[in-house]
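Raw contents of query.cif, mmCIF, C-alpha atoms:
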```
data_coords
loop_
_atom_site.group_PDB
_atom_site.id
_atom_site.type_symbol
_atom_site.label_atom_id
_atom_site.label_comp_id
_atom_site.auth_asym_id
_atom_site.auth_seq_id
_atom_site.Cartn_x
_atom_site.Cartn_y
_atom_site.Cartn_z
ATOM 1 C CA MET K 1 0.000 0.000 0.000
ATOM 2 C CA ASN K 2 1.419 3.394 -0.899
ATOM 3 C CA ASP K 3 -1.470 5.610 -0.035
ATOM 4 C CA ALA K 4 -4.554 5.040 2.106
ATOM 5 C CA ALA K 5 -6.821 6.722 -0.449
ATOM 6 C CA GLU K 6 -5.651 4.239 -3.070
ATOM 7 C CA TYR K 7 -6.815 1.396 -0.859
ATOM 8 C CA SER K 8 -9.928 2.970 0.618
ATOM 9 C CA ALA K 9 -12.218 0.463 -1.129
ATOM 10 C CA GLU K 10 -10.267 -2.402 0.412
ATOM 11 C CA ILE K 11 -10.301 -0.779 3.863
ATOM 12 C CA LEU K 12 -14.049 -0.186 3.541
ATOM 13 C CA LYS K 13 -14.608 -3.829 2.589
ATOM 14 C CA ASN K 14 -12.500 -4.943 5.574
ATOM 15 C CA PHE K 15 -14.436 -2.643 7.869
ATOM 16 C CA CYS K 16 -17.791 -4.008 6.700
ATOM 17 C CA GLU K 17 -16.607 -7.589 7.207
ATOM 18 C CA PHE K 18 -15.358 -6.654 10.677
ATOM 19 C CA LEU K 19 -18.677 -4.980 11.566
ATOM 20 C CA SER K 20 -20.721 -7.839 10.176
ATOM 21 C CA GLU K 21 -18.819 -10.310 12.339
ATOM 22 C CA GLU K 22 -18.673 -8.197 15.504
ATOM 23 C CA LEU K 23 -22.303 -7.040 15.379
ATOM 24 C CA ASN K 24 -23.687 -10.189 13.804
ATOM 25 C CA SER K 25 -25.487 -7.865 11.435
ATOM 26 C CA LYS K 26 -26.099 -7.475 7.743
ATOM 27 C CA ILE K 27 -23.991 -4.546 6.521
ATOM 28 C CA GLU K 28 -24.593 -2.572 3.344
ATOM 29 C CA ILE K 29 -22.332 0.083 1.892
ATOM 30 C CA GLU K 30 -24.378 2.859 0.397
ATOM 31 C CA THR K 31 -22.531 5.878 -0.908
ATOM 32 C CA GLU K 32 -19.972 8.580 -0.194
ATOM 33 C CA ILE K 33 -21.599 11.757 1.015
ATOM 34 C CA PRO K 34 -20.764 14.938 2.936
ATOM 35 C CA ARG K 35 -21.035 14.245 6.684
ATOM 36 C CA PRO K 36 -24.697 14.639 7.680
ATOM 37 C CA ALA K 37 -25.151 17.148 10.501
ATOM 38 C CA GLU K 38 -26.805 14.545 12.730
ATOM 39 C CA ALA K 39 -23.782 12.227 12.511
ATOM 40 C CA ASN K 40 -22.029 14.197 15.208
ATOM 41 C CA PHE K 41 -20.793 11.535 17.632
ATOM 42 C CA GLY K 42 -17.601 9.757 16.708
ATOM 43 C CA ALA K 43 -14.402 7.970 17.575
ATOM 44 C CA SER K 44 -11.237 7.806 15.520
ATOM 45 C CA VAL K 45 -7.788 6.284 15.479
ATOM 46 C CA LYS K 46 -4.757 7.587 13.616
ATOM 47 C CA VAL K 47 -2.481 5.108 11.899
ATOM 48 C CA SER K 48 0.991 6.601 11.769
ATOM 49 C CA GLY K 49 4.046 5.533 9.801
ATOM 50 C CA LYS K 50 4.739 5.278 6.105
ATOM 51 C CA ILE K 51 1.036 5.252 5.254
ATOM 52 C CA PRO K 52 -0.562 7.697 7.704
ATOM 53 C CA PHE K 53 -4.331 7.908 7.793
ATOM 54 C CA VAL K 54 -7.234 8.398 10.185
ATOM 55 C CA ILE K 55 -10.182 6.015 10.533
ATOM 56 C CA GLY K 56 -13.291 7.372 12.179
ATOM 57 C CA VAL K 57 -16.749 5.965 12.877
ATOM 58 C CA LEU K 58 -19.613 8.425 13.236
ATOM 59 C CA ALA K 59 -23.316 8.230 13.925
ATOM 60 C CA ASP K 60 -26.125 10.157 15.508
ATOM 61 C CA LYS K 61 -26.313 9.884 19.289
ATOM 62 C CA SER K 62 -28.908 7.106 19.514
ATOM 63 C CA THR K 63 -27.303 4.996 16.776
ATOM 64 C CA PHE K 64 -23.913 5.555 18.410
ATOM 65 C CA HIS K 65 -25.388 4.206 21.661
ATOM 66 C CA ARG K 66 -26.930 1.146 19.956
ATOM 67 C CA LEU K 67 -23.644 0.474 18.155
ATOM 68 C CA ALA K 68 -21.739 0.606 21.472
ATOM 69 C CA GLU K 69 -24.151 -1.841 23.116
ATOM 70 C CA SER K 70 -24.141 -4.155 20.130
ATOM 71 C CA TYR K 71 -20.328 -4.212 19.953
ATOM 72 C CA GLU K 72 -19.734 -4.690 23.685
ATOM 73 C CA LYS K 73 -22.804 -6.925 24.166
ATOM 74 C CA ILE K 74 -23.689 -5.074 27.364
ATOM 75 C CA ASP K 75 -26.042 -2.284 28.371
ATOM 76 C CA THR K 76 -23.901 0.832 28.396
ATOM 77 C CA GLU K 77 -24.852 3.280 31.115
ATOM 78 C CA ASN K 78 -23.876 6.638 29.679
ATOM 79 C CA ILE K 79 -22.287 8.425 26.736
ATOM 80 C CA ALA K 80 -18.819 8.015 28.290
ATOM 81 C CA GLU K 81 -19.217 4.235 28.062
ATOM 82 C CA ASP K 82 -20.473 4.590 24.479
ATOM 83 C CA PHE K 83 -17.365 6.593 23.561
ATOM 84 C CA ASP K 84 -15.175 4.039 25.351
ATOM 85 C CA ALA K 85 -16.798 1.125 23.486
ATOM 86 C CA ILE K 86 -16.608 2.682 20.017
ATOM 87 C CA SER K 87 -13.051 3.924 20.597
ATOM 88 C CA GLU K 88 -12.057 0.355 21.432
ATOM 89 C CA MET K 89 -13.943 -0.936 18.394
ATOM 90 C CA VAL K 90 -12.126 1.447 16.035
ATOM 91 C CA ASN K 91 -8.845 0.672 17.780
ATOM 92 C CA VAL K 92 -9.321 -3.094 17.319
ATOM 93 C CA PHE K 93 -10.263 -2.650 13.655
ATOM 94 C CA ALA K 94 -7.259 -0.370 13.022
ATOM 95 C CA GLY K 95 -5.065 -2.943 14.743
ATOM 96 C CA GLN K 96 -6.288 -5.705 12.446
ATOM 97 C CA LEU K 97 -5.660 -3.394 9.515
ATOM 98 C CA ILE K 98 -2.024 -2.657 10.397
ATOM 99 C CA VAL K 99 -1.398 -6.379 10.873
ATOM 100 C CA LYS K 100 -2.716 -6.937 7.322
ATOM 101 C CA ILE K 101 -0.627 -4.030 6.006
ATOM 102 C CA ALA K 102 2.473 -5.468 7.695
ATOM 103 C CA ALA K 103 1.859 -8.899 6.143
ATOM 104 C CA LYS K 104 1.076 -7.555 2.682
ATOM 105 C CA CYS K 105 3.492 -4.636 2.333
ATOM 106 C CA HIS K 106 6.150 -5.336 4.982
ATOM 107 C CA VAL K 107 5.464 -1.903 6.424
ATOM 108 C CA GLU K 108 5.321 -1.364 10.176
ATOM 109 C CA GLU K 109 2.622 1.110 11.174
ATOM 110 C CA ASP K 110 1.784 2.400 14.640
ATOM 111 C CA LEU K 111 -1.515 3.376 16.189
ATOM 112 C CA LEU K 112 -2.089 6.516 18.203
ATOM 113 C CA PRO K 113 -4.531 6.439 21.144
ATOM 114 C CA PRO K 114 -8.184 6.805 20.069
ATOM 115 C CA ARG K 115 -9.928 10.161 20.037
ATOM 116 C CA PHE K 116 -13.642 10.531 20.654
ATOM 117 C CA GLY K 117 -16.228 13.241 21.045
ATOM 118 C CA LYS K 118 -18.780 15.430 19.309
ATOM 119 C CA ILE K 119 -17.959 16.358 15.739
ATOM 120 C CA SER K 120 -18.670 19.549 13.851
ATOM 121 C CA GLY K 121 -16.362 19.650 10.812
ATOM 122 C CA SER K 122 -17.179 19.233 7.136
ATOM 123 C CA PHE K 123 -15.736 16.218 5.366
ATOM 124 C CA ARG K 124 -16.869 13.303 3.258
ATOM 125 C CA VAL K 125 -17.864 9.959 4.738
ATOM 126 C CA LYS K 126 -18.959 6.545 3.498
ATOM 127 C CA LYS K 127 -22.520 5.763 4.506
ATOM 128 C CA ILE K 128 -23.010 2.224 5.838
ATOM 129 C CA SER K 129 -26.285 0.694 6.875
ATOM 130 C CA ALA K 130 -26.386 -1.839 9.712
ATOM 131 C CA ASP K 131 -29.091 -3.286 11.969
ATOM 132 C CA VAL K 132 -28.273 -0.623 14.576
ATOM 133 C CA GLY K 133 -28.849 2.189 12.057
ATOM 134 C CA ASN K 134 -26.808 4.319 9.686
ATOM 135 C CA LEU K 135 -23.090 4.584 10.383
ATOM 136 C CA TYR K 136 -20.540 6.760 8.628
ATOM 137 C CA LEU K 137 -16.924 5.794 8.047
ATOM 138 C CA TYR K 138 -14.307 8.495 7.692
ATOM 139 C CA LEU K 139 -11.028 7.662 6.019
ATOM 140 C CA GLY K 140 -8.609 10.480 5.371
ATOM 141 C CA GLY K 141 -5.411 12.215 6.294
ATOM 142 C CA ALA K 142 -6.706 14.844 8.723
ATOM 143 C CA GLU K 143 -7.883 14.364 12.289
ATOM 144 C CA ILE K 144 -11.626 14.943 12.664
ATOM 145 C CA ILE K 145 -11.769 14.988 16.462
ATOM 146 C CA SER K 146 -9.789 17.217 18.837
ATOM 147 C CA ALA K 147 -7.375 15.435 21.173
ATOM 148 C CA THR K 148 -9.220 13.823 24.092
ATOM 149 C CA MET N 149 1.120 -28.180 44.355
ATOM 150 C CA ASP N 150 3.296 -26.045 46.653
ATOM 151 C CA ASN N 151 2.187 -23.017 48.661
ATOM 152 C CA SER N 152 3.330 -20.545 46.021
ATOM 153 C CA GLU N 153 0.947 -22.043 43.477
ATOM 154 C CA GLU N 154 -2.003 -22.173 45.887
ATOM 155 C CA LYS N 155 -1.772 -18.442 46.670
ATOM 156 C CA LYS N 156 -4.448 -16.292 45.049
ATOM 157 C CA ILE N 157 -2.477 -14.362 42.467
ATOM 158 C CA ARG N 158 -2.840 -10.613 42.012
ATOM 159 C CA LEU N 159 -2.888 -9.458 38.407
ATOM 160 C CA MET N 160 -2.772 -5.962 37.013
ATOM 161 C CA VAL N 161 -4.876 -5.012 34.002
ATOM 162 C CA THR N 162 -3.510 -2.009 32.097
ATOM 163 C CA ASP N 163 -5.695 -0.540 29.376
ATOM 164 C CA ASP N 164 -7.089 2.914 28.635
ATOM 165 C CA SER N 165 -10.545 1.421 28.021
ATOM 166 C CA LYS N 166 -12.506 1.291 31.265
ATOM 167 C CA LEU N 167 -14.977 -1.165 29.728
ATOM 168 C CA LEU N 168 -12.180 -3.525 28.711
ATOM 169 C CA ARG N 169 -10.680 -3.351 32.203
ATOM 170 C CA LYS N 170 -14.091 -4.114 33.698
ATOM 171 C CA LYS N 171 -14.680 -7.115 31.404
ATOM 172 C CA LEU N 172 -11.197 -8.503 31.931
ATOM 173 C CA ARG N 173 -11.463 -7.983 35.697
ATOM 174 C CA GLU N 174 -14.674 -10.040 35.758
ATOM 175 C CA GLU N 175 -13.046 -12.840 33.769
ATOM 176 C CA LEU N 176 -9.903 -12.870 35.909
ATOM 177 C CA GLU N 177 -11.895 -12.837 39.145
ATOM 178 C CA LYS N 178 -13.827 -15.872 37.894
ATOM 179 C CA LEU N 179 -10.430 -17.557 37.522
ATOM 180 C CA GLY N 180 -9.700 -16.835 41.166
ATOM 181 C CA CYS N 181 -7.391 -13.864 40.648
ATOM 182 C CA GLU N 182 -7.250 -10.587 42.520
ATOM 183 C CA VAL N 183 -7.201 -7.643 40.115
ATOM 184 C CA VAL N 184 -5.718 -4.170 40.224
ATOM 185 C CA GLU N 185 -6.149 -1.700 37.380
ATOM 186 C CA ALA N 186 -4.108 0.939 35.585
ATOM 187 C CA SER N 187 -5.347 3.160 32.768
ATOM 188 C CA ASN N 188 -1.986 3.952 31.147
ATOM 189 C CA GLY N 189 1.675 3.015 31.247
ATOM 190 C CA LYS N 190 2.577 5.588 33.865
ATOM 191 C CA GLU N 191 -0.042 4.242 36.282
ATOM 192 C CA ALA N 192 1.124 0.710 35.496
ATOM 193 C CA ILE N 193 4.699 1.508 36.541
ATOM 194 C CA THR N 194 3.478 3.105 39.782
ATOM 195 C CA GLN N 195 1.141 0.180 40.521
ATOM 196 C CA VAL N 196 3.902 -2.378 39.918
ATOM 197 C CA LEU N 197 6.040 -0.628 42.520
ATOM 198 C CA GLU N 198 3.217 -0.126 45.024
ATOM 199 C CA GLN N 199 1.061 -3.233 44.582
ATOM 200 C CA GLU N 200 3.710 -5.749 43.489
ATOM 201 C CA PRO N 201 1.324 -7.753 41.272
ATOM 202 C CA ASP N 202 2.137 -11.365 40.372
ATOM 203 C CA GLY N 203 1.488 -10.661 36.695
ATOM 204 C CA VAL N 204 0.619 -7.833 34.337
ATOM 205 C CA PHE N 205 -1.644 -7.504 31.298
ATOM 206 C CA LEU N 206 -0.347 -4.563 29.299
ATOM 207 C CA ASP N 207 -1.951 -2.767 26.355
ATOM 208 C CA ILE N 208 0.357 -1.016 23.864
ATOM 209 C CA VAL N 209 -1.681 1.900 22.509
ATOM 210 C CA MET N 210 -2.371 4.104 25.524
ATOM 211 C CA PRO N 211 -2.162 7.820 26.319
ATOM 212 C CA VAL N 212 0.440 9.408 28.638
ATOM 213 C CA VAL N 213 2.889 6.488 28.582
ATOM 214 C CA GLY N 214 2.371 3.667 26.079
ATOM 215 C CA GLY N 215 2.810 -0.049 26.678
ATOM 216 C CA ILE N 216 6.225 -0.490 25.033
ATOM 217 C CA GLU N 217 7.777 2.231 27.179
ATOM 218 C CA ALA N 218 6.030 0.876 30.273
ATOM 219 C CA LEU N 219 7.274 -2.647 29.509
ATOM 220 C CA GLN N 220 10.847 -1.362 29.376
ATOM 221 C CA VAL N 221 10.563 0.443 32.727
ATOM 222 C CA ILE N 222 8.719 -2.406 34.466
ATOM 223 C CA ARG N 223 11.415 -4.838 33.318
ATOM 224 C CA GLU N 224 13.997 -2.584 35.016
ATOM 225 C CA VAL N 225 12.136 -2.058 38.292
ATOM 226 C CA SER N 226 10.614 -5.540 38.554
ATOM 227 C CA PRO N 227 12.622 -7.921 36.357
ATOM 228 C CA ASN N 228 10.698 -11.084 37.252
ATOM 229 C CA VAL N 229 7.051 -10.035 37.039
ATOM 230 C CA PRO N 230 5.420 -11.927 34.118
ATOM 231 C CA ILE N 231 3.986 -9.513 31.540
ATOM 232 C CA VAL N 232 1.419 -10.425 28.881
ATOM 233 C CA MET N 233 0.880 -7.876 26.107
ATOM 234 C CA LEU N 234 -2.819 -7.469 25.235
ATOM 235 C CA SER N 235 -3.127 -5.171 22.260
ATOM 236 C CA SER N 236 -4.788 -4.508 18.928
ATOM 237 C CA ALA N 237 -1.400 -3.562 17.425
ATOM 238 C CA GLY N 238 -0.138 -7.126 17.040
ATOM 239 C CA THR N 239 2.173 -6.793 14.050
ATOM 240 C CA PRO N 240 4.980 -9.381 13.811
ATOM 241 C CA GLN N 241 7.524 -6.649 14.584
ATOM 242 C CA LYS N 242 5.666 -5.553 17.739
ATOM 243 C CA LEU N 243 5.301 -9.179 18.783
ATOM 244 C CA MET N 244 9.049 -9.834 18.392
ATOM 245 C CA GLN N 245 9.982 -6.525 19.983
ATOM 246 C CA THR N 246 7.913 -7.088 23.125
ATOM 247 C CA LEU N 247 8.971 -10.735 23.516
ATOM 248 C CA LYS N 248 12.622 -9.671 23.192
ATOM 249 C CA MET N 249 11.977 -7.015 25.827
ATOM 250 C CA GLY N 250 10.770 -9.699 28.216
ATOM 251 C CA ALA N 251 7.014 -10.096 27.729
ATOM 252 C CA ILE N 252 6.009 -13.759 28.092
ATOM 253 C CA ASP N 253 3.061 -13.683 25.674
ATOM 254 C CA PHE N 254 1.207 -11.439 23.219
ATOM 255 C CA ILE N 255 -2.574 -11.577 22.801
ATOM 256 C CA GLN N 256 -4.095 -9.787 19.823
ATOM 257 C CA LYS N 257 -7.416 -8.023 20.496
ATOM 258 C CA PRO N 258 -10.196 -8.940 20.361
ATOM 259 C CA TYR N 259 -9.188 -11.617 22.852
ATOM 260 C CA SER N 260 -11.026 -14.855 23.643
ATOM 261 C CA LYS N 261 -11.712 -16.292 27.113
ATOM 262 C CA GLU N 262 -9.526 -19.273 26.229
ATOM 263 C CA GLN N 263 -6.566 -16.972 25.522
ATOM 264 C CA ILE N 264 -7.003 -15.349 28.935
ATOM 265 C CA VAL N 265 -7.209 -18.724 30.692
ATOM 266 C CA ARG N 266 -3.997 -19.839 28.942
ATOM 267 C CA ALA N 267 -2.271 -16.537 29.792
ATOM 268 C CA VAL N 268 -3.168 -16.888 33.477
ATOM 269 C CA GLU N 269 -1.796 -20.455 33.466
ATOM 270 C CA THR N 270 1.431 -19.177 31.875
ATOM 271 C CA ILE N 271 1.693 -16.405 34.477
ATOM 272 C CA ARG N 272 1.191 -18.939 37.294
ATOM 273 C CA ARG N 273 3.854 -21.248 35.853
ATOM 274 C CA THR N 274 6.334 -18.414 35.264
ATOM 275 C CA ARG N 275 5.760 -17.070 38.751
ATOM 276 C CA ALA N 276 6.229 -20.520 40.340
ATOM 277 C CA LYS N 277 9.431 -21.031 38.354
ATOM 278 C CA ASN N 278 10.767 -17.627 39.425
ATOM 279 C CA LEU N 279 9.956 -18.323 43.089
ATOM 280 C CA LYS N 280 11.660 -21.718 42.925
ATOM 281 C CA LYS N 281 14.739 -20.161 41.333
ATOM 282 C CA ALA N 282 14.848 -17.429 43.986
ATOM 283 C CA ALA N 283 14.522 -20.026 46.778
ATOM 284 C CA GLU N 284 17.374 -22.084 45.293
ATOM 285 C CA GLN N 285 19.588 -19.006 45.098
ATOM 286 C CA ASN N 286 18.881 -18.226 48.759
ATOM 287 C CA GLU N 287 19.859 -21.704 49.918
#
```
In structure tokens, write the structure found in this file.
Amino acid sequence: MNDAAEYSAEILKNFCEFLSEELNSKIEIETEIPRPAEANFGASVKVSGKIPFVIGVLADKSTFHRLAESYEKIDTENIAEDFDAISEMVNVFAGQLIVKIAAKCHVEEDLLPPRFGKISGSFRVKKISADVGNLYLYLGGAEIISAT
Amino acid sequence: MDNSEEKKIRLMVTDDSKLLRKKLREELEKLGCEVVEASNGKEAITQVLEQEPDGVFLDIVMPVVGGIEALQVIREVSPNVPIVMLSSAGTPQKLMQTLKMGAIDFIQKPYSKEQIVRAVETIRRTRAKNLKKAAEQNE
């Protein structure tokens, strides 16, 4: 892999397979769109190294909560637990991704600690539909969440 | 089984995810372990000095002080404590690096219950071996 954008389709496919397995849900990729205003809760992880990129998962508050509960298979008690759960989910997915990158390209990437919070910026996202609701995947070079 | 193996072992879980620490604590307590927690590498180093755990689960990607740096310091201040890396960043290079630095195992997240059971068995065995060696040296 030379550039994350070049492999975004592959990363998206990997993410959908990961979600399908972790959530035991049917996943459908819809389209790339500007971030909808309601998709304002998110968690992201930066992959650093030769191929730096940021992976973020966004949703509206109630979908974000359902996603957290579905991933952790527990009843989360508050938004802090939702952020914790989705941060860990993105972190685990990014980890699996850098293991694949290492095997395929012999490139060692690192992960930075997850960021999470409310989101207000404008950027494009991939819309994904799951049983828990509509999710949005961000894949790009810039951070979308301030340091937490 | 000697007395050292019968003792309830105290394990430290180091991860920045509170939910992960909670889940792992529950699983370790079911296995008869006492659990202390740390949310980053800096806390882990402090807890190793203060609590003297019998084994450590250590994440790599954490704020403040990460797991690799913490592993290095813990090895210096407590050379014999068994350390199991528990991380999403399980590339072959990280695996080799941490094993060379003295970790006894590396579990890639998401972990399974079976992996945790095996890790606890390995910690128990390593601890018993270290105690036996220390006793022989004191004789």
Enumerate as a PDB file with C-alpha atoms, in the coordinates of the input the residues belonging to chain K that approach chain N to within 8 Å, with all atoms listed in the file taken into account.
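New file selection-v9.pdb:
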```pdb
ATOM      1  CA  GLU K  81     -19.217   4.235  28.062  1.00  0.00           C
ATOM      2  CA  ASP K  84     -15.175   4.039  25.351  1.00  0.00           C
ATOM      3  CA  ALA K  85     -16.798   1.125  23.486  1.00  0.00           C
ATOM      4  CA  GLU K  88     -12.057   0.355  21.432  1.00  0.00           C
ATOM      5  CA  ASN K  91      -8.845   0.672  17.780  1.00  0.00           C
ATOM      6  CA  VAL K  92      -9.321  -3.094  17.319  1.00  0.00           C
ATOM      7  CA  PHE K  93     -10.263  -2.650  13.655  1.00  0.00           C
ATOM      8  CA  ALA K  94      -7.259  -0.370  13.022  1.00  0.00           C
ATOM      9  CA  GLY K  95      -5.065  -2.943  14.743  1.00  0.00           C
ATOM     10  CA  GLN K  96      -6.288  -5.705  12.446  1.00  0.00           C
ATOM     11  CA  ILE K  98      -2.024  -2.657  10.397  1.00  0.00           C
ATOM     12  CA  VAL K  99      -1.398  -6.379  10.873  1.00  0.00           C
ATOM     13  CA  ALA K 102       2.473  -5.468   7.695  1.00  0.00           C
ATOM     14  CA  GLU K 108       5.321  -1.364  10.176  1.00  0.00           C
ATOM     15  CA  ASP K 110       1.784   2.400  14.640  1.00  0.00           C
ATOM     16  CA  LEU K 111      -1.515   3.376  16.189  1.00  0.00           C
ATOM     17  CA  LEU K 112      -2.089   6.516  18.203  1.00  0.00           C
ATOM     18  CA  PRO K 113      -4.531   6.439  21.144  1.00  0.00           C
TER      19      PRO K 113
END
```
Can you tell me how far atom CA of Arg115 of chain K sits from atom CA of Ala59 of chain K, in Å to one decimal?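 According to the coordinates, atom CA of Arg115 of chain K and atom CA of Ala59 of chain K are separated by 14.8 Å.
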Proximity to Leu67 of chain K - best of K:Leu97, K:Ile128, K:Leu23, K:Ala37, only C-alpha atoms: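 Closest to Leu67 of chain K, using only C-alpha atoms: K:Leu23.
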Distance query segment 69-80 of chain K at most 10 Å, all atoms listed in the file, self and fewer than 3 positions along chain excluded, as a list in words: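 So, after excluding close chain neighbours, the residues are Leu19, Glu21, Glu22, Leu23, Asn24, Ser25, Phe41, Lys61, Ser62, Thr63, Phe64, His65, Arg66, Phe83, Asp84, Ala85, Ile86, Glu88, Met89, Phe116, Gly117, Asp131 and Val132 of chain K; Lys166, Leu167, Leu168 and Lys171 of chain N.
Distance-wise, atom CA of Asn188 of chain N and atom CA of Arg169 of chain N end up 11.4 Å apart.
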For Pro230 of chain N: contacts at 7 Å, all atoms listed in the file, fewer than 5 positions along chain excluded, given as a list in words: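 So the residues in contact are Gly203, Val204, Ala251, Ile252, Ile271, Thr274 and Arg275 of chain N.
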